[in-house]
Amino acid sequence: MKILELRALKGPNYWSNRRHKLILMHIDIEDMEHRPSSTVSGFPERLASLLPSLHQHRCSRGYEGGFFERLYEGTYMAHIIEHVAIELQILAGMKSGFGRARGYGEDGVYIVVFDYQEERAGFYAAQAAFDLIEALIAGEPFDLDQTLRKLREIREEERLGPSTASIIDEAAKRNIPFIRLNDYSLVQLGWGVHQQRIQATITGKTSSIGLEIASDKQMTKNLLQQGGIPVPFGYQVAFTDELRSVIEAVGFPLVIKPVDGNQGKGATINIKTMEEAELAFSEAREWSDDVLVEKYIRGFDFRMLVINNTFTAAAKRTPAHVTGDGRSTIRELIDRVNADPRRGYGHEKMLTEIKVDKMTLHILQQHDLTTESVLPKGKVLYLKNTANLSTGGTSEDVTDTVHSWNIFMAERISKIIDLDICGIDVMAPNLSESISETGGAVLEVNGAPGFRMHLEPTIGQPRAVASPVIDMLFPERNTGRIPIISVTGTNGKTTVTRLTAHIMKTEGHKVGYTTTDGIYIQNRLLYKGDCSGPESARFVLRDPTINYAVLETARGGMLRSGLGYDLADVGVITNVTDDHLGLEGIHTIEQMTRVKSIVAENVYPDGFAVLNADDDRAYGMMKDLSSRVALFSLNPDNERVLEHCNSGGIAAVCENGYITINQAGWNIRVENVINIPLTFDGRAAFQVQNVLAAVLTAFVQGVKIEELRTGLQTFIPSGAQTPGRVNFFEFDRYKVMIDYAHNPASMDAIGRFVNELDAGYTVCTIAGNGDRRDQDLKAYAWLAAEHFDEVIVWEDTEYARGRDSLEIMNLIYEGAVSNPKKRKVHIIRREDDAIEYALNHVQPNSIICLFTGRIEALTRMLNRRKENMTDLQYKPEDFTLISLASIEKQTSK
């Protein structure tokens, strides 16, 4: 067996509209295709023994044990790999439960998909599942513990921390989208101009000065002291020779900590001797050049959380500790504490397991203990200097008992330090009394406080502390979204995308759009090339300057990685033909229709799917949609349209030469096709169809008829606005047209249009792309010969897609000469030579059509040719203004 490909899907996809994170495995099980599990001696027993938890998998049987039943009855290895990959993730503490295994259309080749939480862990689980199955087939051992340990490590390296995750979860509840911007905790919430950013609990609204102050403990202390906030007495020390005099002034017990430290790093508490102080000073200097030496305040460690200058939560924190029983060693006591099912690795559970690290060993040394020492019964030993949950500490929620003076103090502190999210560390006997009366003090202020202690306290009520963060970033239930229009189909999608974007720009929106030509932000081309996939969509949605997105959404991107967004306001289906079949497991027109339908299915319930009523497959998507539907048709008497509109629906038709909106039976004329440049006086029927789709899309988005009309009249088919889509170049005796037509349907449409232009002679230069079936290439060329008087075939080596380009050229030639019209068909292998031949042998009143992917290069070439053939000579009288006297003189004659 072998894995042919692994990739991650990150949005609505061919396999699921709801599960946006799937790993896709393309595998060849080779000779195991004919050896189901029941025929491999001992295999079912070995798998059941290694992974007994697979018994919980219901599989298609719908009950626990269903998968094992199929395993013993005999099932194929791709199916087993799917279940094992899911179970490995579950055992490593990650949610997973969805999977599919389907034939690819080739003997022994399968597509396996399963859901994942962290992409890298998903890839590892896929490979591990494959390796596990291969080992069990061969009867070899497999180290499951090592695999699960590695999966947990990857999970912790990749996952967002609990604070960031809580904010994202709260955003998701409110339908606010998010995009992770790096491998760490930088996240964008919302899209376009409405986006907000967070990094852990730092937001785009967080004051940089506030963060600077909070990171400098001495500066924080000074400002708090100036504001009348109780703080510990102490001094900042930079040099060792200052330490003794400062300690004498402050007095034992002490706290020594780095000025620039965080999370308790380099801090030592309850220092009682000069020797301890010197060692603590040395450790603090590892984290910061300057060190704080302060009076140790007795009491409990509390954290007060203030969000948007409003007190939100408070927790009592206790450092990781063990309690002696008079019999067990400290190591045994730690193991016993870690056996608590609430504790786990990293952030996987409510509590983190306690690790014996450098800090723990130092504390033990201070008490003349080792991990093998036995603590007396009832003796409590703190194993960390700080109460952080990430080092094994515990928390108790005390929010409801906090004294009003302490709340007043905390809210003042957030404004004094200038932090929108502020964690205040307080040492006091309790928070139910004013710390000004109990001798408590504020130890420090944190600019990026962790939320975990409030989200999952060990004792007490959890607090939804992410909610006020979202309230602050997105007030008044704003979702942070911008309108999205997504366009797909076999042909016409680029033109519909460009025209729709143009109309929206005309109405005043700042539009970002993607096409197979590139990515455009406010009409500026930022990336060239095919940008019709999900990454290009996310590029637009990340841009902070746009408030509207129009996305060309092609088949390839949806299959490779899913959609680049979750839901659109409008999903447009131009048409569905049998182009690109035989690729990526899509072998039938029904499967291709399913691919295209992803765009229509992932529309808001109150949004619109805009469907081509003249196309059976596009119209057929209507039955499975939860959104509203709008139809377009070239035929005003289309029964589908009439029935839809009589039922209160909306449609766009071409009626008596007008682009017309039919809304619940009422007609609204938009513009005569004669006045729409894109339609070439209405002769280009396929362009009229594209106009209908764009007009209907804009109309359901609320664009006024006047703006629609202006947009249509100002969208000129040219290399600037529609590159590679019916671009004409006028010469004295002939015309040249560049077009990207690359499949039978587009060739037929262009051919019919050219024949409407009454040319004396028509010529085309064509080649074939390697990502088409043989019959598609022949049909494409057959149609070229059907419509053009002369066909020049050239060899396209750039788009052979791994196939033999000479073989492709010969298929194109065979298709053209097979047409019974017996046109003039010949081969000129280089495209430039083929074009040069066509131009040099041109007949009067000819149209030469260049079907190519080299749009820019040929556009430049034809423009230069026009420049070289045009000699403009202006006479003096051409730019001399005529006088009234000369007119009178001419009149008198």
# chains A, B, ... in the order shown; residues from 1 in each chain; ligands from 1
call {"tool": "closest_atom_pairs", "arguments": {"of": "range 413-488 of chain A", "to": "range 216-239 of chain A", "cutoff": "8 Å", "atoms": "only C-alpha atoms", "output": "JSON lines"}}
result
{"residue": "A:Ile413", "atom": "CA", "partner": "A:Leu224", "partner_atom": "CA", "distance": 7.2}
{"residue": "A:Ile416", "atom": "CA", "partner": "A:Leu223", "partner_atom": "CA", "distance": 7.2}
{"residue": "A:Ile417", "atom": "CA", "partner": "A:Thr220", "partner_atom": "CA", "distance": 7.2}
{"residue": "A:Ile435", "atom": "CA", "partner": "A:Pro230", "partner_atom": "CA", "distance": 7.8}
{"residue": "A:Ser436", "atom": "CA", "partner": "A:Pro230", "partner_atom": "CA", "distance": 6.6}
{"residue": "A:Gly440", "atom": "CA", "partner": "A:Pro230", "partner_atom": "CA", "distance": 7.2}
{"residue": "A:Ala441", "atom": "CA", "partner": "A:Val231", "partner_atom": "CA", "distance": 4.7}
{"residue": "A:Val442", "atom": "CA", "partner": "A:Val231", "partner_atom": "CA", "distance": 5.0}
{"residue": "A:Leu443", "atom": "CA", "partner": "A:Val231", "partner_atom": "CA", "distance": 6.3}
{"residue": "A:Glu444", "atom": "CA", "partner": "A:Lys217", "partner_atom": "CA", "distance": 6.5}
{"residue": "A:Val445", "atom": "CA", "partner": "A:Thr220", "partner_atom": "CA", "distance": 7.2}
call {"tool": "write_last_selection", "arguments": {"atoms": "N, CA, C and O atoms", "output": "PDB file, in the first residue's frame"}}
result
ATOM      1  N   ILE A 413      -7.339  50.881  38.501  1.00  0.00           N
ATOM      2  CA  ILE A 413      -6.023  50.413  38.057  1.00  0.00           C
ATOM      3  C   ILE A 413      -6.003  50.227  36.544  1.00  0.00           C
ATOM      4  O   ILE A 413      -5.035  50.592  35.867  1.00  0.00           O
ATOM      5  N   ILE A 416      -5.527  53.596  35.183  1.00  0.00           N
ATOM      6  CA  ILE A 416      -4.212  54.165  35.511  1.00  0.00           C
ATOM      7  C   ILE A 416      -3.137  53.571  34.602  1.00  0.00           C
ATOM      8  O   ILE A 416      -2.290  54.286  34.065  1.00  0.00           O
ATOM      9  N   ILE A 417      -3.172  52.271  34.427  1.00  0.00           N
ATOM     10  CA  ILE A 417      -2.169  51.609  33.579  1.00  0.00           C
ATOM     11  C   ILE A 417      -2.562  51.703  32.106  1.00  0.00           C
ATOM     12  O   ILE A 417      -1.717  51.585  31.221  1.00  0.00           O
ATOM     13  N   ILE A 435      -8.822  45.665  50.813  1.00  0.00           N
ATOM     14  CA  ILE A 435      -7.412  45.356  51.082  1.00  0.00           C
ATOM     15  C   ILE A 435      -6.715  46.530  51.748  1.00  0.00           C
ATOM     16  O   ILE A 435      -5.644  46.363  52.347  1.00  0.00           O
ATOM     17  N   SER A 436      -7.303  47.696  51.660  1.00  0.00           N
ATOM     18  CA  SER A 436      -6.714  48.841  52.359  1.00  0.00           C
ATOM     19  C   SER A 436      -6.842  48.688  53.869  1.00  0.00           C
ATOM     20  O   SER A 436      -6.127  49.337  54.637  1.00  0.00           O
ATOM     21  N   GLY A 440      -3.509  44.035  52.653  1.00  0.00           N
ATOM     22  CA  GLY A 440      -3.184  43.449  51.362  1.00  0.00           C
ATOM     23  C   GLY A 440      -2.520  44.456  50.444  1.00  0.00           C
ATOM     24  O   GLY A 440      -2.422  45.653  50.759  1.00  0.00           O
ATOM     25  N   ALA A 441      -2.049  43.997  49.316  1.00  0.00           N
ATOM     26  CA  ALA A 441      -1.366  44.884  48.369  1.00  0.00           C
ATOM     27  C   ALA A 441      -1.496  44.341  46.947  1.00  0.00           C
ATOM     28  O   ALA A 441      -1.681  43.130  46.736  1.00  0.00           O
ATOM     29  N   VAL A 442      -1.379  45.246  45.994  1.00  0.00           N
ATOM     30  CA  VAL A 442      -1.343  44.873  44.577  1.00  0.00           C
ATOM     31  C   VAL A 442       0.103  44.568  44.216  1.00  0.00           C
ATOM     32  O   VAL A 442       0.981  45.434  44.354  1.00  0.00           O
ATOM     33  N   LEU A 443       0.367  43.348  43.797  1.00  0.00           N
ATOM     34  CA  LEU A 443       1.731  42.926  43.487  1.00  0.00           C
ATOM     35  C   LEU A 443       2.167  43.363  42.097  1.00  0.00           C
ATOM     36  O   LEU A 443       3.284  43.815  41.909  1.00  0.00           O
ATOM     37  N   GLU A 444       1.294  43.173  41.117  1.00  0.00           N
ATOM     38  CA  GLU A 444       1.632  43.561  39.749  1.00  0.00           C
ATOM     39  C   GLU A 444       0.389  43.581  38.893  1.00  0.00           C
ATOM     40  O   GLU A 444      -0.681  43.136  39.306  1.00  0.00           O
ATOM     41  N   VAL A 445       0.546  44.131  37.670  1.00  0.00           N
ATOM     42  CA  VAL A 445      -0.550  44.217  36.705  1.00  0.00           C
ATOM     43  C   VAL A 445      -0.098  43.530  35.421  1.00  0.00           C
ATOM     44  O   VAL A 445       1.028  43.742  34.959  1.00  0.00           O
TER      45      VAL A 445
END
call {"tool": "select_by_dssp", "arguments": {"residues": "range 603-808 of chain A", "states": "strand (DSSP E)", "output": "number ranges by chain"}}
result
A: 603-612, 628-633, 650-655, 658-663, 666-672, 727-730, 734-739, 761-766, 790-793
call {"tool": "residues_around", "arguments": {"residues": "Gly450 in chain A", "least_positions_apart": "3", "cutoff": "10 Å", "atoms": "only C-alpha atoms", "output": "list in words"}}
result
Gly161, Pro162, Ser163, Thr164, Ala200, Thr201, Gln263, Arg303, Leu305, Asn388, Leu389, Ser390, Cys422, Gly423, Asn446, Gly447, Met453, His454 and Leu455 of chain A
call {"tool": "write_last_selection", "arguments": {"atoms": "N, CA and C atoms", "output": "PDB file, in the first residue's frame"}}
result
ATOM      1  N   GLY A 161      -3.986  28.631  22.795  1.00  0.00           N
ATOM      2  CA  GLY A 161      -4.107  28.559  24.244  1.00  0.00           C
ATOM      3  C   GLY A 161      -5.555  28.737  24.677  1.00  0.00           C
ATOM      4  N   PRO A 162      -5.850  28.368  25.918  1.00  0.00           N
ATOM      5  CA  PRO A 162      -7.245  28.428  26.382  1.00  0.00           C
ATOM      6  C   PRO A 162      -7.841  29.830  26.352  1.00  0.00           C
ATOM      7  N   SER A 163      -7.027  30.849  26.579  1.00  0.00           N
ATOM      8  CA  SER A 163      -7.554  32.220  26.563  1.00  0.00           C
ATOM      9  C   SER A 163      -7.970  32.612  25.153  1.00  0.00           C
ATOM     10  N   THR A 164      -7.059  32.424  24.185  1.00  0.00           N
ATOM     11  CA  THR A 164      -7.374  32.743  22.796  1.00  0.00           C
ATOM     12  C   THR A 164      -8.538  31.908  22.300  1.00  0.00           C
ATOM     13  N   ALA A 200      -3.487  36.264  21.927  1.00  0.00           N
ATOM     14  CA  ALA A 200      -3.812  35.828  23.289  1.00  0.00           C
ATOM     15  C   ALA A 200      -4.883  36.779  23.811  1.00  0.00           C
ATOM     16  N   THR A 201      -4.626  37.493  24.918  1.00  0.00           N
ATOM     17  CA  THR A 201      -5.641  38.425  25.415  1.00  0.00           C
ATOM     18  C   THR A 201      -5.237  39.881  25.180  1.00  0.00           C
ATOM     19  N   GLN A 263       4.537  35.516  34.179  1.00  0.00           N
ATOM     20  CA  GLN A 263       4.153  34.151  34.535  1.00  0.00           C
ATOM     21  C   GLN A 263       5.018  33.582  35.663  1.00  0.00           C
ATOM     22  N   ARG A 303      -6.284  36.835  41.743  1.00  0.00           N
ATOM     23  CA  ARG A 303      -6.230  37.505  40.442  1.00  0.00           C
ATOM     24  C   ARG A 303      -7.582  38.167  40.199  1.00  0.00           C
ATOM     25  N   LEU A 305      -9.724  40.304  37.361  1.00  0.00           N
ATOM     26  CA  LEU A 305      -9.745  40.528  35.920  1.00  0.00           C
ATOM     27  C   LEU A 305     -10.684  41.689  35.595  1.00  0.00           C
ATOM     28  N   ASN A 388       0.484  29.855  39.072  1.00  0.00           N
ATOM     29  CA  ASN A 388      -0.001  29.701  37.704  1.00  0.00           C
ATOM     30  C   ASN A 388      -0.600  28.318  37.466  1.00  0.00           C
ATOM     31  N   LEU A 389      -1.745  28.273  36.780  1.00  0.00           N
ATOM     32  CA  LEU A 389      -2.377  26.992  36.466  1.00  0.00           C
ATOM     33  C   LEU A 389      -1.503  26.172  35.532  1.00  0.00           C
ATOM     34  N   SER A 390      -0.722  26.855  34.690  1.00  0.00           N
ATOM     35  CA  SER A 390       0.110  26.135  33.722  1.00  0.00           C
ATOM     36  C   SER A 390       1.232  25.353  34.382  1.00  0.00           C
ATOM     37  N   CYS A 422      -7.088  43.566  31.633  1.00  0.00           N
ATOM     38  CA  CYS A 422      -6.122  43.814  32.686  1.00  0.00           C
ATOM     39  C   CYS A 422      -6.240  42.755  33.780  1.00  0.00           C
ATOM     40  N   GLY A 423      -5.145  42.072  34.088  1.00  0.00           N
ATOM     41  CA  GLY A 423      -5.107  41.115  35.188  1.00  0.00           C
ATOM     42  C   GLY A 423      -4.332  41.711  36.355  1.00  0.00           C
ATOM     43  N   ASN A 446      -0.970  42.703  34.864  1.00  0.00           N
ATOM     44  CA  ASN A 446      -0.634  41.920  33.668  1.00  0.00           C
ATOM     45  C   ASN A 446      -1.387  42.446  32.456  1.00  0.00           C
ATOM     46  N   GLY A 447      -0.644  42.667  31.379  1.00  0.00           N
ATOM     47  CA  GLY A 447      -1.239  43.193  30.151  1.00  0.00           C
ATOM     48  C   GLY A 447      -1.813  42.132  29.245  1.00  0.00           C
ATOM     49  N   MET A 453      -8.045  30.310  34.549  1.00  0.00           N
ATOM     50  CA  MET A 453      -8.467  30.165  35.950  1.00  0.00           C
ATOM     51  C   MET A 453      -9.917  30.592  36.137  1.00  0.00           C
ATOM     52  N   HIS A 454     -10.408  31.478  35.254  1.00  0.00           N
ATOM     53  CA  HIS A 454     -11.794  31.933  35.347  1.00  0.00           C
ATOM     54  C   HIS A 454     -12.730  31.046  34.525  1.00  0.00           C
ATOM     55  N   LEU A 455     -12.213  30.522  33.435  1.00  0.00           N
ATOM     56  CA  LEU A 455     -13.033  29.674  32.570  1.00  0.00           C
ATOM     57  C   LEU A 455     -13.318  28.317  33.201  1.00  0.00           C
TER      58      LEU A 455
END
call {"tool": "closest_atom_pairs", "arguments": {"of": "range 602-710 of chain A", "to": "range 15-35 of chain A", "cutoff": "12 Å", "atoms": "only C-alpha atoms", "output": "tab-separated table"}}
result
residue	atom	partner	partner_atom	distance
A:Asn602	CA	A:Asn17	CA	7.0
A:Val603	CA	A:Asn17	CA	10.6
A:Leu625	CA	A:Asn17	CA	11.9
call {"tool": "select_by_dssp", "arguments": {"residues": "range 704-776 of chain A", "states": "alpha helix (DSSP H)", "output": "list in words"}}
result
Ile705, Glu706, Glu707, Leu708, Arg709, Thr710, Gly711, Leu712, Gln713, Pro744, Ala745, Ser746, Met747, Asp748, Ala749, Ile750, Gly751, Arg752, Phe753, Val754, Asn755, Asp774, Gln775 and Asp776 of chain A
call {"tool": "closest_residue", "arguments": {"among": "A:Ala78, A:Val629, A:Ile828, A:Leu499", "to": "Ile676 in chain A", "atoms": "only C-alpha atoms"}}
result
A:Leu499
call {"tool": "atom_distance", "arguments": {"atom1": "CA of Gly562 in chain A", "atom2": "CA of Gly533 in chain A"}}
result
8.4 Å
call {"tool": "atom_distance", "arguments": {"atom1": "CA of Thr394 in chain A", "atom2": "CA of Leu431 in chain A"}}
result
17.3 Å
call {"tool": "atom_distance", "arguments": {"atom1": "CA of Gly192 in chain A", "atom2": "CA of Pro177 in chain A"}}
result
11.1 Å
call {"tool": "closest_residue", "arguments": {"among": "A:His55, A:Arg244, A:Arg46, A:His742", "to": "Glu140 in chain A", "atoms": "only C-alpha atoms"}}
result
A:Arg46
call {"tool": "closest_residue", "arguments": {"among": "A:Thr765, A:Asn662, A:Asn385, A:Gln775", "to": "Val793 in chain A", "atoms": "only C-alpha atoms"}}
result
A:Thr765
call {"tool": "residues_around", "arguments": {"residues": "Gln701 in chain A", "least_positions_apart": "5", "cutoff": "12 Å", "atoms": "only C-alpha atoms", "output": "mmCIF file with N, CA, C and O atoms, in the first residue's frame"}}
result
data_model
loop_
_atom_site.group_PDB
_atom_site.id
_atom_site.type_symbol
_atom_site.label_atom_id
_atom_site.label_comp_id
_atom_site.auth_asym_id
_atom_site.auth_seq_id
_atom_site.Cartn_x
_atom_site.Cartn_y
_atom_site.Cartn_z
ATOM 1 N N PRO A 483 -20.174 41.665 3.046
ATOM 2 C CA PRO A 483 -20.885 40.837 2.061
ATOM 3 C C PRO A 483 -19.911 40.041 1.194
ATOM 4 O O PRO A 483 -18.863 40.551 0.789
ATOM 5 N N ILE A 484 -20.271 38.802 0.916
ATOM 6 C CA ILE A 484 -19.489 37.931 0.035
ATOM 7 C C ILE A 484 -20.389 37.447 -1.091
ATOM 8 O O ILE A 484 -21.487 36.938 -0.850
ATOM 9 N N ILE A 485 -19.906 37.605 -2.303
ATOM 10 C CA ILE A 485 -20.555 37.018 -3.481
ATOM 11 C C ILE A 485 -19.583 35.998 -4.051
ATOM 12 O O ILE A 485 -18.430 36.317 -4.340
ATOM 13 N N THR A 500 -19.794 41.949 -11.746
ATOM 14 C CA THR A 500 -20.415 42.171 -10.446
ATOM 15 C C THR A 500 -19.562 43.087 -9.584
ATOM 16 O O THR A 500 -20.070 44.018 -8.933
ATOM 17 N N ILE A 503 -19.949 46.635 -10.813
ATOM 18 C CA ILE A 503 -21.223 47.241 -10.401
ATOM 19 C C ILE A 503 -21.156 47.675 -8.937
ATOM 20 O O ILE A 503 -21.603 48.779 -8.571
ATOM 21 N N MET A 504 -20.601 46.825 -8.081
ATOM 22 C CA MET A 504 -20.497 47.166 -6.666
ATOM 23 C C MET A 504 -19.560 48.350 -6.449
ATOM 24 O O MET A 504 -19.796 49.207 -5.588
ATOM 25 N N GLU A 507 -21.353 51.482 -7.250
ATOM 26 C CA GLU A 507 -22.273 51.903 -6.198
ATOM 27 C C GLU A 507 -21.537 52.523 -5.004
ATOM 28 O O GLU A 507 -22.171 53.054 -4.087
ATOM 29 N N TYR A 548 -16.376 44.775 0.611
ATOM 30 C CA TYR A 548 -17.171 43.887 -0.245
ATOM 31 C C TYR A 548 -16.228 42.898 -0.899
ATOM 32 O O TYR A 548 -15.133 43.264 -1.335
ATOM 33 N N ALA A 568 -21.716 32.575 2.197
ATOM 34 C CA ALA A 568 -21.759 33.753 1.331
ATOM 35 C C ALA A 568 -23.143 34.378 1.379
ATOM 36 O O ALA A 568 -24.125 33.737 1.753
ATOM 37 N N ASP A 569 -23.220 35.636 0.976
ATOM 38 C CA ASP A 569 -24.516 36.302 0.862
ATOM 39 C C ASP A 569 -25.209 35.898 -0.436
ATOM 40 O O ASP A 569 -26.433 35.800 -0.485
ATOM 41 N N VAL A 570 -24.395 35.681 -1.475
ATOM 42 C CA VAL A 570 -24.933 35.223 -2.756
ATOM 43 C C VAL A 570 -23.983 34.176 -3.321
ATOM 44 O O VAL A 570 -22.768 34.367 -3.336
ATOM 45 N N GLY A 571 -24.535 33.056 -3.772
ATOM 46 C CA GLY A 571 -23.765 32.032 -4.465
ATOM 47 C C GLY A 571 -24.307 31.885 -5.873
ATOM 48 O O GLY A 571 -25.491 31.597 -6.058
ATOM 49 N N ASP A 606 -30.950 33.707 4.655
ATOM 50 C CA ASP A 606 -31.627 34.872 4.086
ATOM 51 C C ASP A 606 -30.878 35.424 2.876
ATOM 52 O O ASP A 606 -31.217 36.489 2.348
ATOM 53 N N GLY A 607 -29.829 34.693 2.424
ATOM 54 C CA GLY A 607 -29.118 35.082 1.211
ATOM 55 C C GLY A 607 -29.756 34.453 -0.014
ATOM 56 O O GLY A 607 -30.868 33.902 0.047
ATOM 57 N N PHE A 608 -29.065 34.521 -1.151
ATOM 58 C CA PHE A 608 -29.619 34.022 -2.402
ATOM 59 C C PHE A 608 -28.633 33.116 -3.124
ATOM 60 O O PHE A 608 -27.440 33.434 -3.231
ATOM 61 N N ALA A 609 -29.162 31.995 -3.620
ATOM 62 C CA ALA A 609 -28.461 31.204 -4.623
ATOM 63 C C ALA A 609 -28.991 31.659 -5.972
ATOM 64 O O ALA A 609 -30.194 31.594 -6.223
ATOM 65 N N VAL A 610 -28.108 32.169 -6.825
ATOM 66 C CA VAL A 610 -28.491 32.654 -8.151
ATOM 67 C C VAL A 610 -28.169 31.549 -9.152
ATOM 68 O O VAL A 610 -27.000 31.222 -9.369
ATOM 69 N N ALA A 630 -32.828 32.798 -6.630
ATOM 70 C CA ALA A 630 -33.163 33.697 -7.741
ATOM 71 C C ALA A 630 -32.687 33.025 -9.024
ATOM 72 O O ALA A 630 -31.617 32.399 -9.050
ATOM 73 N N ALA A 694 -25.000 38.645 -13.350
ATOM 74 C CA ALA A 694 -24.430 39.736 -12.556
ATOM 75 C C ALA A 694 -25.499 40.723 -12.120
ATOM 76 O O ALA A 694 -25.502 41.194 -10.972
ATOM 77 N N VAL A 695 -26.429 41.064 -13.029
ATOM 78 C CA VAL A 695 -27.501 42.005 -12.691
ATOM 79 C C VAL A 695 -28.375 41.449 -11.580
ATOM 80 O O VAL A 695 -28.726 42.146 -10.611
ATOM 81 N N LEU A 696 -28.739 40.183 -11.691
ATOM 82 C CA LEU A 696 -29.588 39.565 -10.674
ATOM 83 C C LEU A 696 -28.871 39.523 -9.327
ATOM 84 O O LEU A 696 -29.466 39.797 -8.279
ATOM 85 N N LEU A 708 -27.284 49.980 -11.414
ATOM 86 C CA LEU A 708 -27.100 48.819 -12.289
ATOM 87 C C LEU A 708 -26.859 49.271 -13.726
ATOM 88 O O LEU A 708 -25.947 48.786 -14.406
#
call {"tool": "closest_residue", "arguments": {"among": "A:Ala784, A:Asn845, A:Asn863, A:Leu692", "to": "Asn819 in chain A", "atoms": "only C-alpha atoms"}}
result
A:Ala784
